[in-house]
Structure formats: C-alpha cells, structure tokens
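First the structure, in the form of structure tokens, and then the observations on it.
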Protein chains: 2
Amino acid sequence: MLTFVTTNPGKVHEAEEYLGSVEQFDFDYTEVQAEELGAIAAHGAREAYREAGEPVIVDDSGLFVDVFDGFPGPYSSYVESHVGIERVWRLTEPEDDHGARFKTVIAYCDGEEFDAVSDESVRDGDPPVKIFEGVVPGTIVEPRGDGGFGYDPIFEHDGTTFAEMSTEAKNAISHRGRALAKLSEWLEESDRI
Amino acid sequence: MLTFVTTNPGKVHEAEEYLGSVEQFDFDYTEVQAEELGAIAAHGAREAYREAGEPVIVDDSGLFVDVFDGFPGPYSSYVESHVGIERVWRLTEPEDDHGARFKTVIAYCDGEEFDAVSDESVRDGDPPVKIFEGVVPGTIVEPRGDGGFGYDPIFEHDGTTFAEMSTEAKNAISHRGRALAKLSEWLEESDRI
C-alpha cells in the first residue's frame, strides 16, 4: 500500500479518489530551500522512504507569478502568513503581466531504480525519486470570493476566482488532482498498483 | 583551526579579522526552510561538521522587515533575485512602519557538549550547535546609492543607506562583524582559541 507523508488527512482522502486505499504517515520531513517544488518534495520523499521503508509520496504546492519569475513559488505559505495575499495582489497590480499558475508536485519513492529526477541535492546512495506535476494556469486579480483558502481569492481561472468556486468545481480542476492522475497512470503502467 | 563553510572567500577574510587564521571549506550544505536564520545555519553546521570532522562555522544573513513579520528574512536572496529590491521598497512604502533590521547568524559546531540551540529540526544524536547573532536596525527607503550589494540601496541606518557608505564605514557597523565579535569572545571565554 502507498503511504502519503502528510499531516493533513484531507489530502489523504483526495489521494484515495485516484489511488485506492492510501495510508497516512504523520512524519515531519526536512523541507529544503529550492527554486523548484520538485527538488523540495524529492528530498522529503527520500528522507521519508528511509524512515518508512515502504513506498511513499510527498507533495508540495505553490503559487507561481510569472512576472516575479515564480515568486512566491516554494515559499508561498511563508509569504501568505507574513505578507498576506492582499499585498501580493498590490505588488502584482502595477505590472503589465498578471499571469500565474498554481502548481502541485508529488514525489514518489519506493527505493527501486527507474528514470528518476536528479538534482544537485542528490548524494551518492540516495534512492531514486519520480516527480509528477499538476498545473492550473490563471491570473492574479483583486481578492474576490469567500471560499477556499490561501491564495484562492486572488487566483482567477476562466473568469472565476478559486474562492468563488464550489469545492466540487475547484476539485474538478485541482492542480493536486492533475498530479495525482499522472501518478496513478504511471503506477498502473509500471505494474505498481 | 576553525573552518568556515562558505563558497565566498571574502567572508573568510572578514572572519579572520576577528578569529585569526580561518580555513575555507567549500561544501554545499543543505539549506532548510525555517522562520529563523539560526535554525537554517544550525542545520548546515551539523551537516558540515559531520563531513569535516573538525570545528566549523556556517553563517546566514537576511533583511527582516518589521511590518511583514520579518519577510523576506530567510528568503532574502530568493526575493532579491525574483522580485527585486525596488519592488520590496514599493511594497513597504504605503505601510506606516518602515522599520527593518539586517541580521547575520553564525552557527558553531565542534561536536562537544555545551549550552546549545535546540529546535524542532534537531534529531537524536545530532551534535550541539551554538548560535551567535548580529543585528543592525534601520529603515526601508527608496533606493539611494551605488555601492554595496543586495538590499543595501533600500536599507538606511542613521540617515545613510548602506549603498551610500564606504566599505570601511559599512564594515564598522556590519551585522556579520557583530556576530563574529560575539563568536570570538565566546571562543576565548571557553578556551577554544
């Protein structure tokens, strides 16, 4: 069975819609600093696999604003709590380009060899990790809507902010869902589930 | 002899003014995500000590803006390259409080026991680490001056931005210098040099 390394049971339930039964592992892995979510999740997956000794997935998500070369990106949660989404809107407003994307990556590690992600943080003897990415494109707008959480009120997709959507509508275009669908497909193709 | 874990020979020369002869160790330690510079440098020092097997120091610096609860703080370098200091000024300008501080921490590890920093990233068996902090208070202003680097043009101290100061004037109030002075004092007190 697949183990989802997370403190959030809601993520486990979302994963089960794509992967069948999933176990939760409440393990506080090391989050490294990196430009790319993939490098952060891969590092966490290697650490968690060493701890769990069975197939694990680790996810990471962020809002990437084009004109800021991806900022707040890997530090979205820190920027949300320290600067606030209203100020992220205020920072973006005077720019010509308001394009942005929500991204989720899922890192999978089961200790076996496969065509794996490699980055500068990989040391000799590290187990291989495979990365699956889900992306939803959108636009940064003035905050609208009461639903969702995090950056949802300032992220507009197809004319509606994520905070204006029903949970069902949002889940239907979820970046995490897109990453989970790719993982599920690969697990089946490679006879892992 | 003390080993400074850094890719920057300029830092080694500055350290030698306080500590006598210092060796440079060009080792790419893992930078973790954390609110506090101390936790990031401590993690690096533990990793570098395991690699070097002799007394090491690791430093980390950042600009902490009060009204943003420290942002950009530990991610100052990322924010500088992705958002730019002009936009950090623009973000701060409409706020009532423009107060900020430059901080440097130095983490020292020699594998011996002492009254050490402890944080949630510490695992059983980790060597103890001691943290020394240097802080310079100031104000975020519209960019002025051609000298220095990084956030220097928007950081004003006693009426002058760091980019308007001579290197000598800046070094005399350096946050890194303040941390190095504390480290030097402690090393002498504890008969380590």
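As shown in the structure tokens, the chain order sets the letters A, B, ...; within each chain, residues go from 1, and ligands are also counted from 1 in the order they appear.
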Could you build a table of the residues in chain A lying no more than 7 Å from chain B, giving for each the nearest pair of atoms and their separation in Å rounded to one decimal place, using only C-alpha atoms, ordered by chain and ascending residue number, as a tab-separated table?
residue	atom	partner	partner_atom	distance
A:Thr30	CA	B:Val32	CA	6.8
A:Glu31	CA	B:Gln33	CA	5.6
A:Val32	CA	B:Val32	CA	4.0
A:Gln33	CA	B:Val32	CA	5.3
A:Phe68	CA	B:Val83	CA	5.2
A:Asp69	CA	B:His82	CA	5.5
A:Phe71	CA	B:His82	CA	6.2
A:His82	CA	B:Phe68	CA	5.3
A:Val83	CA	B:Phe68	CA	5.2
A:Leu91	CA	B:Leu91	CA	6.2
Just write the chosen residues, C-alpha atoms, as a PDB file, in the first residue's frame.
ATOM      1  CA  THR A  30      13.001  18.276   6.256  1.00  0.00           C
ATOM      2  CA  GLU A  31      11.824  20.957   3.818  1.00  0.00           C
ATOM      3  CA  VAL A  32      14.827  22.280   1.926  1.00  0.00           C
ATOM      4  CA  GLN A  33      15.178  25.635   0.158  1.00  0.00           C
ATOM      5  CA  PHE A  68       8.146  37.654 -10.464  1.00  0.00           C
ATOM      6  CA  ASP A  69       9.882  34.670 -12.024  1.00  0.00           C
ATOM      7  CA  PHE A  71       7.645  34.144  -6.609  1.00  0.00           C
ATOM      8  CA  HIS A  82       3.961  37.081   6.608  1.00  0.00           C
ATOM      9  CA  VAL A  83       2.981  39.397   3.753  1.00  0.00           C
ATOM     10  CA  LEU A  91       2.570  44.057  -5.678  1.00  0.00           C
TER      11      LEU A  91
END
Handout entry: Filtered DSSP result for stretch 27-135 of chain A, state helix (DSSP H, G or I), as an NGL selection string
Key = :A and (37-52 or 66-68 or 73-82 or 85-92)
Deliver the residues from the most recent selection as a file, using N, CA and C atoms, as a tab-separated table (two decimals), in the first residue's frame.
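For reference, part37.tsv as written:
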chain	number	residue	atom	x	y	z
A	37	LEU	N	9.65	23.15	-6.76
A	37	LEU	CA	8.92	22.30	-5.81
A	37	LEU	C	9.42	20.86	-5.89
A	38	GLY	N	9.78	20.42	-7.11
A	38	GLY	CA	10.21	19.04	-7.30
A	38	GLY	C	11.41	18.68	-6.43
A	39	ALA	N	12.36	19.60	-6.31
A	39	ALA	CA	13.55	19.32	-5.50
A	39	ALA	C	13.20	19.22	-4.02
A	40	ILE	N	12.24	20.04	-3.58
A	40	ILE	CA	11.82	20.03	-2.17
A	40	ILE	C	11.10	18.72	-1.84
A	41	ALA	N	10.15	18.35	-2.71
A	41	ALA	CA	9.38	17.13	-2.47
A	41	ALA	C	10.27	15.89	-2.60
A	42	ALA	N	11.21	15.91	-3.55
A	42	ALA	CA	12.11	14.75	-3.75
A	42	ALA	C	12.96	14.53	-2.50
A	43	HIS	N	13.49	15.61	-1.94
A	43	HIS	CA	14.31	15.50	-0.72
A	43	HIS	C	13.47	14.90	0.41
A	44	GLY	N	12.23	15.39	0.55
A	44	GLY	CA	11.34	14.87	1.58
A	44	GLY	C	10.99	13.41	1.38
A	45	ALA	N	10.78	13.02	0.11
A	45	ALA	CA	10.41	11.63	-0.19
A	45	ALA	C	11.56	10.68	0.14
A	46	ARG	N	12.79	11.09	-0.18
A	46	ARG	CA	13.95	10.25	0.14
A	46	ARG	C	14.07	10.05	1.65
A	47	GLU	N	13.90	11.15	2.39
A	47	GLU	CA	14.00	11.08	3.85
A	47	GLU	C	12.88	10.20	4.42
A	48	ALA	N	11.67	10.39	3.92
A	48	ALA	CA	10.53	9.64	4.45
A	48	ALA	C	10.63	8.16	4.07
A	49	TYR	N	11.15	7.87	2.87
A	49	TYR	CA	11.30	6.48	2.47
A	49	TYR	C	12.29	5.76	3.39
A	50	ARG	N	13.38	6.43	3.74
A	50	ARG	CA	14.36	5.85	4.66
A	50	ARG	C	13.72	5.53	6.01
A	51	GLU	N	12.80	6.40	6.42
A	51	GLU	CA	12.13	6.25	7.71
A	51	GLU	C	11.05	5.16	7.66
A	52	ALA	N	10.28	5.15	6.57
A	52	ALA	CA	9.12	4.25	6.48
A	52	ALA	C	9.49	2.87	5.94
A	66	ASP	N	4.16	34.84	-12.85
A	66	ASP	CA	5.10	34.89	-13.97
A	66	ASP	C	6.06	36.07	-13.90
A	67	VAL	N	5.51	37.27	-13.64
A	67	VAL	CA	6.34	38.49	-13.72
A	67	VAL	C	7.38	38.52	-12.60
A	68	PHE	N	7.17	37.74	-11.56
A	68	PHE	CA	8.15	37.65	-10.46
A	68	PHE	C	8.97	36.38	-10.57
A	73	GLY	N	6.13	31.08	-5.20
A	73	GLY	CA	6.60	29.74	-5.51
A	73	GLY	C	6.77	28.82	-4.31
A	74	PRO	N	7.99	28.32	-4.09
A	74	PRO	CA	8.21	27.36	-3.00
A	74	PRO	C	7.96	27.96	-1.61
A	75	TYR	N	7.92	29.31	-1.52
A	75	TYR	CA	7.74	29.95	-0.22
A	75	TYR	C	6.35	30.56	-0.10
A	76	SER	N	5.38	30.01	-0.83
A	76	SER	CA	4.02	30.56	-0.86
A	76	SER	C	3.39	30.62	0.52
A	77	SER	N	3.58	29.58	1.30
A	77	SER	CA	2.95	29.52	2.61
A	77	SER	C	3.56	30.59	3.54
A	78	TYR	N	4.87	30.73	3.52
A	78	TYR	CA	5.56	31.76	4.31
A	78	TYR	C	5.09	33.16	3.90
A	79	VAL	N	5.02	33.41	2.59
A	79	VAL	CA	4.64	34.74	2.09
A	79	VAL	C	3.18	35.03	2.44
A	80	GLU	N	2.33	34.00	2.36
A	80	GLU	CA	0.92	34.19	2.72
A	80	GLU	C	0.80	34.64	4.18
A	81	SER	N	1.52	33.97	5.08
A	81	SER	CA	1.36	34.28	6.50
A	81	SER	C	2.11	35.56	6.92
A	82	HIS	N	3.15	35.93	6.20
A	82	HIS	CA	3.96	37.08	6.61
A	82	HIS	C	3.60	38.36	5.85
A	85	ILE	N	-2.09	37.88	1.19
A	85	ILE	CA	-2.43	37.81	-0.23
A	85	ILE	C	-2.87	39.17	-0.78
A	86	GLU	N	-3.44	40.02	0.07
A	86	GLU	CA	-3.83	41.37	-0.36
A	86	GLU	C	-2.59	42.13	-0.86
A	87	ARG	N	-1.48	42.00	-0.14
A	87	ARG	CA	-0.25	42.69	-0.56
A	87	ARG	C	0.38	42.02	-1.78
A	88	VAL	N	0.20	40.71	-1.95
A	88	VAL	CA	0.70	40.06	-3.16
A	88	VAL	C	-0.06	40.61	-4.37
A	89	TRP	N	-1.38	40.84	-4.19
A	89	TRP	CA	-2.16	41.48	-5.25
A	89	TRP	C	-1.63	42.89	-5.52
A	90	ARG	N	-1.40	43.65	-4.44
A	90	ARG	CA	-0.95	45.04	-4.57
A	90	ARG	C	0.40	45.11	-5.29
A	91	LEU	N	1.25	44.12	-5.04
A	91	LEU	CA	2.57	44.06	-5.68
A	91	LEU	C	2.45	43.74	-7.17
A	92	THR	N	1.44	42.92	-7.52
A	92	THR	CA	1.27	42.49	-8.91
A	92	THR	C	0.52	43.53	-9.74
Handout entry: Contacts of A:Ser184 at 9 Å (only C-alpha atoms; same-chain gap of 6+ positions) as a PyMOL selection string
Key = chain A and resi 18-19+193
Please produce an output containing N, CA and C atoms for each residue in the selection, written as a PDB file, in the first residue's frame.
ATOM      1  N   TYR A  18      -7.955   8.769  -6.374  1.00  0.00           N
ATOM      2  CA  TYR A  18      -7.159   8.421  -7.559  1.00  0.00           C
ATOM      3  C   TYR A  18      -6.393   7.113  -7.400  1.00  0.00           C
ATOM      4  N   LEU A  19      -6.078   6.751  -6.141  1.00  0.00           N
ATOM      5  CA  LEU A  19      -5.093   5.690  -5.916  1.00  0.00           C
ATOM      6  C   LEU A  19      -5.625   4.503  -5.131  1.00  0.00           C
ATOM      7  N   ILE A 193       0.534  -0.733  -8.979  1.00  0.00           N
ATOM      8  CA  ILE A 193      -0.747  -0.995  -8.299  1.00  0.00           C
ATOM      9  C   ILE A 193      -1.649  -1.788  -9.238  1.00  0.00           C
TER      10      ILE A 193
END
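Between B:Thr104 and the candidates B:Thr139, B:Ser174, B:Thr161, B:Ser166, the tightest atom-to-atom separation, counting only C-alpha atoms, involves B:Ser174.
The residue set within 9 Å of stretch 152-156 of chain B, counting only C-alpha atoms and dropping same-chain residues fewer than 6 places from it, reads Leu63, Ile85, Glu86, Val88, Trp89, Ala100, Arg101, Phe102, Pro137, Gly138, Thr139, Ile140, Val141, Glu142, Pro143, Arg144, Gly145, Asp146, Phe162, Ala163 and Glu164 of chain B.
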